[in-house]
Structure formats: structure tokens, C-alpha cells
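Participant: Below is a structure I'd like to ask you about.
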Amino acid sequence: MRWLCFLLLASPPLTSAATAQTSGPSTHPKSLQFDVAQVPATRDSFVFRLRGEERGWAVWQYEIRPLETTQEVVYTATSEFRPVEEERLRIVVDRLTGEPRSTFHHIDLFSPRSDTVMVEHDLEVKRGEISGRRRVGTRSGGVKIIPVSRPFARGTVFSDYVFLAGAVSNAMPGDSLAVPAYKEFDDSLVTLTFVAESPTAIDVPAGRFDVLPLRSGGFRIYATRTGPRRVVKGETLAGGFSFELVQSGPVVPTAP
């Protein structure tokens, strides 16, 4: 969900957020990295809760596709957060290098207080540049198309990597890590941080898991510590919103 990305990237500037929470003697945080090759092929279903009340669902799928010289992970997500939004997301990542290749995200909004009823981006990373377009639909029926083209340095990730690859980061208990990230809906470059907390065990509808809590901005995810590596829960730091894994199943192949 778009508002979750805002929470994730709402942390203080890197120089204050990371150095204040680094456990070692160095004042420079380690680089946040994602080993996408560890992402399992799976289809995970989640429940959304707001202040303890069930308010929607999500399905995340990780599909592994072989290519001539490499492999790619196709991450798709669909969700409904009643009564305010529905979304569709598709991200393609190089499975061997972890580098992002493309992202498509469409959200329909149903808030009566907003004139915006649809936001969408369709972007591709190629030869050191991210390009494509964003679309914004209004209640009157108009659609504004905004071209996107900006440099995209190697090592930059999408803001959605928190969910897509949060379970396969290099974070260890006590770490404070950072990486440049592209904020898709704002067309801006920001800093994505992970602060790893103490390992624990939690219960969700899918079962009991040993997890590493990872804090990013105003949000916390719980990533399994052993395979299959996956995110099994997420929550706002204030505790109002959460999602939990309900079940996992086989991949349903998508169109190329």
C-alpha cells in the first residue's frame, strides 16, 4: 500500500538515524543488502487488521523465471484494504544480482475526502536510468500522465524491497543498515534503513515462527530466521495497523 511506503521512508536522515543506533564503534552504518537468490518460490496470503479488526487481505507471490544467462524473480501482490483502497503490484528483479528491472503499481482509492481516485506507475530500469510514466486519476474522470526519466545508480533499490526482500537482507541483531532507495510514487531518491532488533518467536495464523524484527521508519516487519525465508508479519510502530501470514501455497504462473 502506498501509505505504508511513506511510513517506511519516514525515518530521520541517515546521518542521525543510523549512527545513533549502530551497535559497533564505527560511526558509519553498514550497507543494507538483499540476497534475492534466497527468496523462495511461493504464494503467501495475509490478513490486514486495523486496531484489531480484520479490514482486508493481501496475496504476495514470488515466481522464479529462468532466462538465457540469468534468472529473475517476479513479485506480484494484490490487496484490498477496506474501505479505502485496492492495489495491484508487479516488480521484476534480477535473482542473481538483486538489481531491480521494472515496477508496475496500480492503486484505486475510495476516500470521499480525496479528489484522487487512482494512482499508477509503470517504470523500467535500464542502462543506469529509470524511465516510464506515472498516471493520476481524479474524481471528475480526468487522468494526468507524468513522464518519468532520471538517473538510477547501481546499488539503488525500490522502496518496496522492504516487503519484497526484507526477509533476505544481511541484517543481524543490533545492526543499523542503509541503502539508497527510489520512492516510486514521488519520483525521488531517499535512504531506506533497517534497524535489527532482538530475535524472538511470534504466533500468526500460519503458525509459530522464529523471527528477526526489522524496523524501518514508522514500520516493523518480522522476517523468519531460517528457510524458507519470508516476512510473516508487519505492523506500525504505534500498533494500529498490522498484517499477518495466513497460509502459503504453490505459485500460480503469470503471463510474461
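Chain labels follow the order of the C-alpha cells: the first chain is A, the next B, and so on; residue numbering restarts at 1 in every chain, and ligands are counted from 1 in their shown order.
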List every residue of region 96-244 of chain A that DSSP, applied to the backbone of this structure, assigns to strand (DSSP E or B), and report them as a VMD selection string.
Facilitator: chain A and resid 100 to 109 116 to 126 129 to 138 143 to 151 157 to 158 169 176 to 183 188 to 196 200 to 204 207 to 216 219 to 224 231 to 236 241 to 244
Participant: Hey, what's within 9 Å of region 120-130 of chain A if we count only C-alpha atoms and toss same-chain stuff fewer than 6 positions away? As number ranges by chain, please?
Facilitator: A: 100-108, 136-137, 148-154, 184-185
Participant: Counting only C-alpha atoms, which residue out of A:Pro112, A:Gly141, A:Gly174, A:Pro180 sits closest to Val157 (chain A)?
Facilitator: A:Pro180
Participant: Check the DSSP output for the backbone and give back, as a short mmCIF file (atom, residue, chain, number, x, y, z; two decimals) with all heavy atoms, in the first residue's frame, the residues of region 8-256 of chain A in alpha helix (DSSP H).
Facilitator:
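So the final result, stored in result35.cif, reads:
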data_model
loop_
_atom_site.label_atom_id
_atom_site.label_comp_id
_atom_site.auth_asym_id
_atom_site.auth_seq_id
_atom_site.Cartn_x
_atom_site.Cartn_y
_atom_site.Cartn_z
N LEU A 8 7.52 3.69 5.82
CA LEU A 8 8.83 3.04 5.77
C LEU A 8 9.94 4.03 5.54
O LEU A 8 11.05 3.85 6.05
CB LEU A 8 8.84 2.00 4.64
CG LEU A 8 7.94 0.79 4.84
CD1 LEU A 8 7.77 0.04 3.54
CD2 LEU A 8 8.50 -0.12 5.92
N LEU A 14 19.90 9.82 7.31
CA LEU A 14 20.80 8.71 7.59
C LEU A 14 21.83 9.07 8.64
O LEU A 14 22.15 8.28 9.52
CB LEU A 14 21.50 8.28 6.29
CG LEU A 14 22.55 7.18 6.42
CD1 LEU A 14 21.94 5.91 6.99
CD2 LEU A 14 23.18 6.92 5.06
N THR A 15 22.36 10.28 8.59
CA THR A 15 23.45 10.64 9.49
C THR A 15 23.02 10.60 10.95
O THR A 15 23.82 10.34 11.83
CB THR A 15 23.97 12.05 9.17
OG1 THR A 15 22.85 12.95 9.14
CG2 THR A 15 24.66 12.05 7.83
N SER A 16 21.74 10.86 11.22
CA SER A 16 21.29 10.81 12.61
C SER A 16 20.65 9.48 12.96
O SER A 16 20.82 8.96 14.04
CB SER A 16 20.28 11.94 12.88
OG SER A 16 19.15 11.80 12.05
N ALA A 17 19.87 8.90 12.03
CA ALA A 17 19.14 7.68 12.35
C ALA A 17 20.08 6.50 12.51
O ALA A 17 19.92 5.69 13.42
CB ALA A 17 18.12 7.37 11.24
N ALA A 18 21.05 6.37 11.62
CA ALA A 18 21.87 5.18 11.65
C ALA A 18 22.96 5.27 12.69
O ALA A 18 23.21 4.31 13.42
CB ALA A 18 22.48 4.96 10.27
N THR A 19 23.63 6.42 12.82
CA THR A 19 24.74 6.48 13.75
C THR A 19 24.27 6.40 15.18
O THR A 19 24.97 5.88 16.04
CB THR A 19 25.54 7.79 13.55
OG1 THR A 19 24.66 8.90 13.74
CG2 THR A 19 26.13 7.86 12.17
N ALA A 20 23.06 6.85 15.45
CA ALA A 20 22.57 6.81 16.82
C ALA A 20 22.26 5.40 17.28
O ALA A 20 22.21 5.13 18.48
CB ALA A 20 21.30 7.67 16.95
N GLN A 21 22.05 4.45 16.30
CA GLN A 21 21.62 3.13 16.68
C GLN A 21 22.61 2.05 16.26
O GLN A 21 22.30 0.87 16.34
CB GLN A 21 20.24 2.83 16.07
CG GLN A 21 19.19 3.86 16.50
CD GLN A 21 17.86 3.67 15.82
OE1 GLN A 21 17.11 2.77 16.15
NE2 GLN A 21 17.57 4.51 14.86
N TYR A 161 11.30 -2.96 -1.63
CA TYR A 161 12.18 -4.05 -1.24
C TYR A 161 11.98 -4.44 0.23
O TYR A 161 12.35 -5.54 0.64
CB TYR A 161 13.64 -3.67 -1.47
CG TYR A 161 14.19 -4.04 -2.83
CD1 TYR A 161 13.46 -3.79 -3.99
CD2 TYR A 161 15.44 -4.64 -2.98
CE1 TYR A 161 13.95 -4.12 -5.23
CE2 TYR A 161 15.95 -4.98 -4.22
CZ TYR A 161 15.21 -4.71 -5.35
OH TYR A 161 15.70 -5.05 -6.58
N VAL A 162 11.45 -3.54 1.04
CA VAL A 162 11.18 -3.88 2.44
C VAL A 162 10.30 -5.13 2.51
O VAL A 162 10.54 -6.03 3.32
CB VAL A 162 10.52 -2.71 3.17
CG1 VAL A 162 10.11 -3.13 4.58
CG2 VAL A 162 11.45 -1.52 3.22
N PHE A 163 9.26 -5.18 1.67
CA PHE A 163 8.37 -6.33 1.66
C PHE A 163 8.87 -7.42 0.72
O PHE A 163 8.87 -8.60 1.06
CB PHE A 163 6.97 -5.88 1.25
CG PHE A 163 6.42 -4.79 2.11
CD1 PHE A 163 6.19 -3.52 1.59
CD2 PHE A 163 6.16 -5.02 3.46
CE1 PHE A 163 5.69 -2.51 2.40
CE2 PHE A 163 5.66 -4.01 4.26
CZ PHE A 163 5.43 -2.76 3.74
N LEU A 164 9.30 -7.02 -0.47
CA LEU A 164 9.75 -7.97 -1.47
C LEU A 164 10.93 -8.80 -0.98
O LEU A 164 10.98 -10.02 -1.18
CB LEU A 164 10.12 -7.21 -2.76
CG LEU A 164 10.54 -7.93 -4.01
CD1 LEU A 164 10.42 -6.98 -5.19
CD2 LEU A 164 11.97 -8.45 -3.97
#
Participant: Considering only C-alpha atoms, state which residue in the set A:Val251, A:Val246, A:Ser176, A:Glu85 is at the smallest distance from Leu32 (chain A).
Facilitator: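 Nearest to Leu32 (chain A): A:Ser176.
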Participant: Using only C-alpha atoms, which protein or nucleic acid residues come within 10 Å of Ala165 (chain A)? Drop anything in the same chain fewer than 2 positions from it, and give the result as an mmCIF file with N, CA, C and O atoms, in the first residue's frame.
Facilitator:
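selection.cif written:
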data_model
loop_
_atom_site.group_PDB
_atom_site.id
_atom_site.type_symbol
_atom_site.label_atom_id
_atom_site.label_comp_id
_atom_site.auth_asym_id
_atom_site.auth_seq_id
_atom_site.Cartn_x
_atom_site.Cartn_y
_atom_site.Cartn_z
ATOM 1 N N GLN A 33 21.935 -4.842 2.253
ATOM 2 C CA GLN A 33 21.961 -5.653 1.041
ATOM 3 C C GLN A 33 20.876 -6.713 1.103
ATOM 4 O O GLN A 33 20.439 -7.117 2.186
ATOM 5 N N PHE A 34 20.468 -7.197 -0.074
ATOM 6 C CA PHE A 34 19.407 -8.192 -0.174
ATOM 7 C C PHE A 34 19.880 -9.350 -1.049
ATOM 8 O O PHE A 34 20.250 -9.137 -2.209
ATOM 9 N N ASP A 35 19.863 -10.559 -0.523
ATOM 10 C CA ASP A 35 20.261 -11.757 -1.266
ATOM 11 C C ASP A 35 19.011 -12.370 -1.886
ATOM 12 O O ASP A 35 18.417 -13.312 -1.343
ATOM 13 N N VAL A 36 18.607 -11.834 -3.022
ATOM 14 C CA VAL A 36 17.340 -12.230 -3.638
ATOM 15 C C VAL A 36 17.350 -13.698 -4.055
ATOM 16 O O VAL A 36 16.292 -14.328 -4.174
ATOM 17 N N ALA A 37 18.530 -14.289 -4.244
ATOM 18 C CA ALA A 37 18.608 -15.709 -4.616
ATOM 19 C C ALA A 37 18.019 -16.607 -3.524
ATOM 20 O O ALA A 37 17.671 -17.760 -3.783
ATOM 21 N N GLN A 38 17.898 -16.091 -2.288
ATOM 22 C CA GLN A 38 17.316 -16.880 -1.207
ATOM 23 C C GLN A 38 15.792 -16.796 -1.149
ATOM 24 O O GLN A 38 15.166 -17.499 -0.355
ATOM 25 N N VAL A 39 15.192 -15.948 -1.977
ATOM 26 C CA VAL A 39 13.730 -15.817 -1.976
ATOM 27 C C VAL A 39 13.115 -17.100 -2.525
ATOM 28 O O VAL A 39 13.434 -17.516 -3.634
ATOM 29 N N TYR A 75 7.766 -10.588 -8.588
ATOM 30 C CA TYR A 75 6.992 -10.417 -7.362
ATOM 31 C C TYR A 75 5.684 -9.730 -7.719
ATOM 32 O O TYR A 75 5.680 -8.626 -8.274
ATOM 33 N N GLY A 98 20.180 -9.144 -7.595
ATOM 34 C CA GLY A 98 19.257 -8.385 -6.763
ATOM 35 C C GLY A 98 18.869 -7.037 -7.330
ATOM 36 O O GLY A 98 18.119 -6.291 -6.708
ATOM 37 N N ASP A 160 9.827 -0.705 -2.216
ATOM 38 C CA ASP A 160 9.075 -1.929 -1.928
ATOM 39 C C ASP A 160 9.971 -3.113 -1.573
ATOM 40 O O ASP A 160 9.452 -4.186 -1.238
ATOM 41 N N TYR A 161 11.296 -2.960 -1.633
ATOM 42 C CA TYR A 161 12.185 -4.053 -1.236
ATOM 43 C C TYR A 161 11.981 -4.435 0.227
ATOM 44 O O TYR A 161 12.346 -5.539 0.640
ATOM 45 N N VAL A 162 11.451 -3.540 1.040
ATOM 46 C CA VAL A 162 11.181 -3.884 2.435
ATOM 47 C C VAL A 162 10.298 -5.127 2.510
ATOM 48 O O VAL A 162 10.535 -6.032 3.317
ATOM 49 N N PHE A 163 9.264 -5.182 1.667
ATOM 50 C CA PHE A 163 8.371 -6.329 1.658
ATOM 51 C C PHE A 163 8.874 -7.418 0.719
ATOM 52 O O PHE A 163 8.866 -8.598 1.056
ATOM 53 N N ALA A 167 13.015 -10.253 4.013
ATOM 54 C CA ALA A 167 13.378 -11.489 4.703
ATOM 55 C C ALA A 167 14.758 -12.004 4.321
ATOM 56 O O ALA A 167 15.270 -12.918 4.964
ATOM 57 N N VAL A 168 15.374 -11.444 3.275
ATOM 58 C CA VAL A 168 16.681 -11.945 2.822
ATOM 59 C C VAL A 168 17.731 -10.836 2.865
ATOM 60 O O VAL A 168 18.654 -10.811 2.064
ATOM 61 N N SER A 169 17.581 -9.923 3.819
ATOM 62 C CA SER A 169 18.584 -8.876 3.983
ATOM 63 C C SER A 169 19.774 -9.422 4.765
ATOM 64 O O SER A 169 19.737 -10.529 5.318
ATOM 65 N N ALA A 223 10.816 -11.087 9.995
ATOM 66 C CA ALA A 223 11.343 -11.979 8.960
ATOM 67 C C ALA A 223 11.833 -13.274 9.597
ATOM 68 O O ALA A 223 12.501 -13.246 10.639
ATOM 69 N N ARG A 229 12.792 -18.418 3.798
ATOM 70 C CA ARG A 229 12.863 -17.042 4.291
ATOM 71 C C ARG A 229 11.659 -16.262 3.764
ATOM 72 O O ARG A 229 11.432 -16.175 2.560
ATOM 73 N N ARG A 230 10.916 -15.665 4.682
ATOM 74 C CA ARG A 230 9.741 -14.883 4.293
ATOM 75 C C ARG A 230 9.377 -13.909 5.403
ATOM 76 O O ARG A 230 9.771 -14.077 6.562
ATOM 77 N N VAL A 231 8.628 -12.880 5.032
ATOM 78 C CA VAL A 231 8.036 -11.961 6.002
ATOM 79 C C VAL A 231 6.723 -12.573 6.462
ATOM 80 O O VAL A 231 5.867 -12.922 5.638
#
Participant: Have a look at CA of Val195 (chain A) and CA of Ile64 (chain A) and let me know their distance in Å, one decimal.
Facilitator: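 That distance, rounded to one decimal, is 28.5 Å.
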Participant: Give the answer as one residue: which of A:Pro253, A:Pro40, A:Gly56, A:Pro173 has the shortest atom-to-atom distance to Pro228 (chain A), using only C-alpha atoms?
Facilitator: A:Pro40
